file entry.txt (compact mmCIF, C-alpha atoms)
# COMPACT_ATOMS: atom_id res chain seq x y z
CA LEU A 1168 0.00 0.00 0.00
CA THR A 1169 2.92 2.32 0.64
CA MET A 1170 4.23 1.39 -2.78
CA ALA A 1171 0.81 2.22 -4.24
CA SER A 1172 0.80 5.64 -2.60
CA HIS A 1173 4.17 6.41 -4.17
CA ALA A 1174 2.93 5.27 -7.57
CA GLU A 1175 -0.25 7.35 -7.38
CA SER A 1176 1.63 10.40 -6.13
CA GLY A 1177 4.12 10.10 -8.96
CA VAL A 1178 1.38 10.18 -11.59
CA GLN A 1179 -0.30 13.16 -9.93
CA ARG A 1180 2.92 15.13 -9.75
CA GLY A 1181 3.85 14.21 -13.30
CA ILE A 1182 0.61 15.71 -14.59
CA GLU A 1183 1.07 18.71 -12.29
CA ALA A 1184 4.50 19.24 -13.88
CA LEU A 1185 2.86 19.09 -17.31
CA ILE A 1186 0.12 21.59 -16.47
CA LYS A 1187 2.48 24.02 -14.69
CA ARG A 1188 5.33 23.43 -17.14
CA ASP A 1189 7.56 22.68 -14.17
CA TYR A 1190 10.79 21.18 -15.48
CA ASP A 1191 12.34 20.69 -12.02
CA LEU A 1192 9.27 18.84 -10.73
CA ALA A 1193 9.40 16.55 -13.76
CA LEU A 1194 13.03 15.78 -12.94
CA ARG A 1195 12.11 14.86 -9.36
CA VAL A 1196 9.27 12.64 -10.52
CA GLN A 1197 11.63 10.78 -12.83
CA ALA A 1198 14.24 10.33 -10.10
CA GLU A 1199 11.75 8.86 -7.64
CA ASP A 1200 10.97 5.85 -9.84
CA ALA A 1201 13.90 4.17 -8.09
CA VAL A 1202 11.86 4.17 -4.85
CA ILE A 1203 9.08 2.17 -6.50
CA ASP A 1204 11.60 -0.24 -7.98
CA ARG A 1205 13.00 -0.93 -4.50
CA PHE A 1206 9.51 -1.61 -3.17
CA GLU A 1207 8.94 -4.23 -5.87
CA VAL A 1208 12.15 -6.02 -4.88
CA GLU A 1209 11.15 -5.95 -1.21
CA VAL A 1210 7.63 -7.27 -1.88
CA ASP A 1211 8.97 -10.07 -4.07
CA ASP A 1212 11.58 -11.03 -1.47
CA LEU A 1213 8.99 -11.19 1.30
CA ALA A 1214 6.56 -13.12 -0.91
CA ILE A 1215 9.17 -15.74 -1.79
CA ARG A 1216 9.99 -16.25 1.89
CA LEU A 1217 6.31 -16.66 2.69
CA LEU A 1218 5.79 -19.10 -0.18
CA ALA A 1219 8.57 -21.26 1.25
CA ARG A 1220 6.33 -21.88 4.27
CA ALA A 1221 3.79 -23.74 2.10
CA PRO A 1222 0.79 -21.56 3.02
CA LYS A 1223 -2.80 -22.74 2.72
CA ALA A 1224 -4.64 -22.04 -0.55
CA SER A 1225 -6.25 -18.71 0.42
CA ASN A 1226 -2.97 -17.31 1.72
CA LEU A 1227 -1.18 -18.63 -1.34
CA ARG A 1228 -3.52 -16.61 -3.54
CA LEU A 1229 -2.96 -13.51 -1.40
CA ILE A 1230 0.80 -13.80 -1.70
CA THR A 1231 0.80 -14.38 -5.46
CA VAL A 1232 -1.74 -11.59 -6.04
CA ALA A 1233 0.37 -9.21 -3.96
CA MET A 1234 3.35 -10.01 -6.18
CA LYS A 1235 1.32 -9.34 -9.32
CA ILE A 1236 -0.06 -6.08 -7.97
CA SER A 1237 3.45 -5.03 -7.04
CA GLN A 1238 4.55 -5.71 -10.61
CA ASN A 1239 1.69 -3.60 -11.97
CA LEU A 1240 2.60 -0.75 -9.62
CA GLU A 1241 6.22 -0.90 -10.77
CA ARG A 1242 5.00 -0.54 -14.34
CA VAL A 1243 2.89 2.44 -13.31
CA GLY A 1244 6.15 3.92 -12.06
CA ASP A 1245 7.75 3.23 -15.45
CA GLU A 1246 4.90 5.00 -17.24
CA THR A 1247 5.26 7.93 -14.85
CA THR A 1248 8.93 8.15 -15.76
CA THR A 1249 7.94 8.27 -19.43
CA ILE A 1250 5.51 11.09 -18.69
CA ALA A 1251 8.17 13.01 -16.75
CA ARG A 1252 10.67 12.74 -19.62
CA ARG A 1253 8.13 14.00 -22.14
CA VAL A 1254 7.19 16.87 -19.84
CA GLN A 1255 10.84 17.90 -19.67
CA GLU A 1256 10.91 18.12 -23.47
CA LEU A 1257 7.64 20.04 -23.61
CA CYS A 1258 8.88 22.53 -21.03
CA GLN A 1259 11.61 23.57 -23.43
CA GLU A 1260 9.19 24.30 -26.28
CA VAL A 1261 6.47 26.88 -26.94
CA PRO A 1262 3.15 25.68 -25.42
CA LEU A 1263 0.73 23.97 -27.78
CA LYS A 1264 -2.35 26.01 -28.60
CA ILE A 1265 -4.70 23.04 -28.47
CA ASP A 1266 -7.00 21.98 -25.67
CA VAL A 1267 -6.71 18.23 -25.02
CA ASP A 1268 -8.18 16.82 -21.84
CA ILE A 1269 -5.09 15.16 -20.37
CA PRO A 1270 -6.10 16.14 -16.78
CA ARG A 1271 -9.42 14.27 -17.15
CA LEU A 1272 -7.66 11.24 -18.59
CA ALA A 1273 -5.19 11.29 -15.70
CA ASN A 1274 -7.99 11.60 -13.15
CA LEU A 1275 -9.92 8.66 -14.63
CA ALA A 1276 -6.81 6.48 -14.76
CA LEU A 1277 -5.78 7.32 -11.21
CA GLN A 1278 -9.31 6.78 -9.87
CA LEU A 1279 -9.46 3.35 -11.48
CA LEU A 1280 -6.11 2.44 -9.95
CA LYS A 1281 -7.04 3.79 -6.52
CA ASN A 1282 -10.45 2.09 -6.45
CA SER A 1283 -8.90 -1.21 -7.55
CA LEU A 1284 -6.43 -1.01 -4.67
CA ASP A 1285 -9.30 -0.20 -2.29
CA ALA A 1286 -11.07 -3.34 -3.54
CA PHE A 1287 -7.89 -5.29 -2.81
CA VAL A 1288 -7.74 -3.94 0.74
CA GLY A 1289 -11.41 -4.78 1.30
CA GLN A 1290 -11.18 -8.03 -0.68
CA ASP A 1291 -14.31 -6.88 -2.48
CA ALA A 1292 -14.75 -8.88 -5.69
CA ALA A 1293 -18.03 -7.16 -6.62
CA ALA A 1294 -16.42 -3.73 -6.44
CA ALA A 1295 -13.46 -4.98 -8.48
CA ARG A 1296 -15.73 -6.42 -11.19
CA ALA A 1297 -17.64 -3.14 -11.41
CA LEU A 1298 -14.40 -1.24 -12.08
CA ILE A 1299 -13.20 -3.29 -15.03
CA PRO A 1300 -15.59 -1.80 -17.68
CA GLN A 1301 -14.36 1.72 -16.80
CA ASP A 1302 -11.20 0.98 -18.76
CA LYS A 1303 -13.22 1.26 -21.99
CA GLU A 1304 -14.10 4.92 -21.31
CA ILE A 1305 -10.43 5.66 -20.74
CA ASP A 1306 -9.47 3.91 -23.99
CA LEU A 1307 -12.00 6.03 -25.90
CA LEU A 1308 -10.75 9.27 -24.36
CA ASN A 1309 -7.17 8.37 -25.24
CA LYS A 1310 -8.20 7.70 -28.85
CA HIS A 1311 -10.07 11.02 -28.98
CA ILE A 1312 -6.98 12.88 -27.75
CA HIS A 1313 -4.85 11.12 -30.35
CA ARG A 1314 -7.27 12.16 -33.10
CA GLN A 1315 -7.15 15.79 -31.94
CA LEU A 1316 -3.36 15.77 -31.94
CA ALA A 1317 -3.17 14.07 -35.35
CA GLU A 1318 -5.41 16.80 -36.80
CA GLN A 1319 -3.21 19.45 -35.21
CA MET A 1320 -0.05 17.90 -36.72
CA ALA A 1321 -1.67 17.83 -40.17
CA ALA A 1322 -2.75 21.46 -39.86
CA ASP A 1323 0.57 22.71 -38.46
CA PRO A 1324 3.62 20.50 -39.10
CA GLU A 1325 5.74 22.68 -36.81
CA THR A 1326 3.83 21.22 -33.84
CA ILE A 1327 4.54 17.59 -34.73
CA LEU A 1328 7.23 16.96 -32.10
CA ARG A 1329 5.19 18.59 -29.32
CA CYS A 1330 2.05 16.72 -30.34
CA LEU A 1331 3.94 13.43 -30.36
CA ASN A 1332 5.14 14.11 -26.81
CA VAL A 1333 1.57 14.71 -25.66
CA MET A 1334 0.45 11.55 -27.47
CA VAL A 1335 3.01 9.54 -25.53
CA ILE A 1336 1.78 11.07 -22.26
CA SER A 1337 -1.81 10.20 -23.17
CA LYS A 1338 -0.83 6.62 -24.03
CA SER A 1339 1.08 6.27 -20.74
CA LEU A 1340 -2.03 7.34 -18.84
CA GLU A 1341 -4.10 4.80 -20.77
CA ARG A 1342 -1.58 2.12 -19.81
CA ILE A 1343 -1.74 3.19 -16.16
CA ALA A 1344 -5.48 2.57 -16.36
CA ASP A 1345 -4.74 -0.86 -17.82
CA HIS A 1346 -2.64 -1.62 -14.75
CA GLY A 1347 -5.53 -0.50 -12.57
CA LYS A 1348 -7.80 -2.90 -14.44
CA ASN A 1349 -5.22 -5.65 -13.96
CA VAL A 1350 -5.30 -5.05 -10.21
CA ALA A 1351 -9.10 -5.33 -10.22
CA GLU A 1352 -8.89 -8.65 -12.08
CA GLU A 1353 -6.38 -9.93 -9.53
CA VAL A 1354 -8.79 -9.00 -6.72
CA VAL A 1355 -11.46 -11.17 -8.34
CA TYR A 1356 -8.96 -14.03 -8.47
CA LEU A 1357 -8.03 -13.48 -4.84
CA CYS A 1358 -11.63 -13.53 -3.65
CA GLU A 1359 -13.19 -16.09 -6.00
CA ALA A 1360 -10.22 -18.21 -7.14
CA LYS A 1361 -11.36 -17.43 -10.68
CA ASP A 1362 -9.08 -16.01 -13.38
CA ILE A 1363 -11.10 -13.54 -15.47
CA ARG A 1364 -8.20 -11.82 -17.25
CA HIS A 1365 -9.09 -13.10 -20.72
CA SER A 1366 -12.74 -13.95 -20.21
CA GLY A 1367 -13.85 -11.22 -22.61
CA ALA A 1368 -11.83 -12.70 -25.45
CA GLU A 1369 -13.01 -16.20 -24.59
CA ASP A 1370 -16.65 -15.08 -24.58
CA ALA A 1371 -16.20 -13.48 -27.99
CA VAL A 1372 -14.76 -16.70 -29.44
CA ALA A 1373 -17.56 -18.74 -27.89
CA VAL A 1374 -20.22 -16.45 -29.35
CA ALA A 1375 -18.58 -16.62 -32.79
CA ARG A 1376 -18.70 -20.41 -32.58
CA GLY A 1377 -22.29 -20.38 -31.38
CA ASP A 1378 -21.27 -22.12 -28.16
CA VAL A 1379 -22.92 -19.57 -25.88
CA PRO A 1380 -26.50 -19.06 -27.00
CA GLY A 1381 -28.34 -16.12 -25.55
CA LEU A 1382 -25.32 -13.82 -25.12
call {"tool": "encode", "arguments": {"input": "entry.txt", "output": "structure tokens"}}
result
Amino acid sequence: LTMASHAESGVQRGIEALIKRDYDLALRVQAEDAVIDRFEVEVDDLAIRLLARAPKASNLRLITVAMKISQNLERVGDETTTIARRVQELCQEVPLKIDVDIPRLANLALQLLKNSLDAFVGQDAAAARALIPQDKEIDLLNKHIHRQLAEQMAADPETILRCLNVMVISKSLERIADHGKNVAEEVVYLCEAKDIRHSGAEDAVAVARGDVPGL
């Protein structure tokens, strides 16, 4: 949970650096990824020692899920580092005169991550399941932002590099939401011993084959 707070804070401060065009803050955000990396190592080390004690099934799931959540949080840290690097580049250029809703995208992604972690703490599978569809809204917003930026690049080629930097930031936020969704799926596995990570794809194949009538 301490690792999660660092990951969430990093994303928030990365977007703050973008909005305020704060180069120094972006540098600090990038530097602090090392803290999250150390947390992943510590969680994995503890988990391995606990696994060596041959825990019962429910505890085994908790330990393995904790390791997977830790991995997702480390990747959130990696995406935050990407955002920070792009912000540093943007800070050295003239601001783009285009209104793309990066703050809303960041808020949606962070809320999904936070709520997924809350579901983990409460071991609430129903809450976790309810969060998973929210990733679709975030995907659509990311695509909308990319379309806006593509139109801007076509209209004004001099903005291409700046637009590409913002596109990367938008994609990183979309990936952070993906990690939040992954956490929610792990909570369902923890609580129900059911792996739902690829159930959507499996349902689609079953429908195509006619194996699941009524869907």
call {"tool": "residues_around", "arguments": {"input": "entry.txt", "residues": "Gln1259 of chain A", "least_positions_apart": "4", "cutoff": "9 Å", "atoms": "all atoms listed in the file", "output": "list in words"}}
result
Arg1188, Tyr1190, Val1254 and Gln1255 of chain A
call {"tool": "residues_around", "arguments": {"input": "entry.txt", "residues": "segment 1350-1360 of chain A", "least_positions_apart": "6", "cutoff": "7 Å", "atoms": "only C-alpha atoms", "output": "list of chain:residue names"}}
result
A:Arg1228, A:Leu1229, A:Val1232, A:Ile1236, A:Ser1283, A:Leu1284, A:Ala1286, A:Phe1287, A:Gln1290, A:Ala1292, A:Ala1295, A:Arg1296, A:Leu1298, A:Ile1299
call {"tool": "residues_around", "arguments": {"input": "entry.txt", "residues": "segment 1261-1269 of chain A", "least_positions_apart": "3", "cutoff": "9 Å", "atoms": "all atoms listed in the file", "output": "PyMOL selection string"}}
result
chain A and resi 1182+1188+1257-1258+1272-1274+1308-1309+1311-1312+1315-1316+1319+1326+1329-1330+1333+1336-1337+1340
call {"tool": "closest_residue", "arguments": {"input": "entry.txt", "among": "A:Leu1185, A:Ile1343, A:Ala1201, A:Ala1322", "to": "Asn1239 of chain A", "atoms": "only C-alpha atoms"}}
result
A:Ile1343
call {"tool": "residues_around", "arguments": {"input": "entry.txt", "residues": "Arg1205 of chain A", "least_positions_apart": "5", "cutoff": "12 Å", "atoms": "only C-alpha atoms", "output": "count of residues only"}}
result
13
call {"tool": "axis_aligned_box", "arguments": {"input": "entry.txt", "around": "segment 1311-1324 of chain A", "padding_each_side": "3 Å", "output": "JSON"}}
result
{"center_x": -3.2, "center_y": 16.9, "center_z": -34.0, "size_x": 19.7, "size_y": 17.7, "size_z": 18.4}
call {"tool": "residues_around", "arguments": {"input": "entry.txt", "residues": "segment 1247-1251 of chain A", "least_positions_apart": "4", "cutoff": "8 Å", "atoms": "all atoms listed in the file", "output": "PyMOL selection string"}}
result
chain A and resi 1177-1178+1181-1182+1184+1193-1194+1196-1197+1200+1243+1255+1335-1336+1339
call {"tool": "closest_residue", "arguments": {"input": "entry.txt", "among": "A:Lys1310, A:Ala1233, A:Ser1366, A:Lys1223", "to": "Glu1209 of chain A", "atoms": "all atoms listed in the file"}}
result
A:Ala1233
call {"tool": "closest_residue", "arguments": {"input": "entry.txt", "among": "A:His1365, A:His1346, A:His1313, A:Arg1252", "to": "Ala1198 of chain A", "atoms": "all atoms listed in the file"}}
result
A:Arg1252
call {"tool": "residues_near_point", "arguments": {"input": "entry.txt", "point": "(-10.5, 5.1, -14.3)", "cutoff": "10 Å", "atoms": "only C-alpha atoms", "output": "PyMOL selection string"}}
result
chain A and resi 1271-1283+1298-1306+1340-1341+1343-1345+1347-1348
call {"tool": "atom_distance", "arguments": {"input": "entry.txt", "atom1": "atom CA of Leu1192 of chain A", "atom2": "atom CA of Arg1180 of chain A"}}
result
7.4 Å
call {"tool": "atom_distance", "arguments": {"input": "entry.txt", "atom1": "atom CA of Met1320 of chain A", "atom2": "atom CA of Met1334 of chain A"}}
result
11.2 Å
call {"tool": "atom_distance", "arguments": {"input": "entry.txt", "atom1": "atom CA of Leu1328 of chain A", "atom2": "atom CA of Glu1175 of chain A"}}
result
27.6 Å
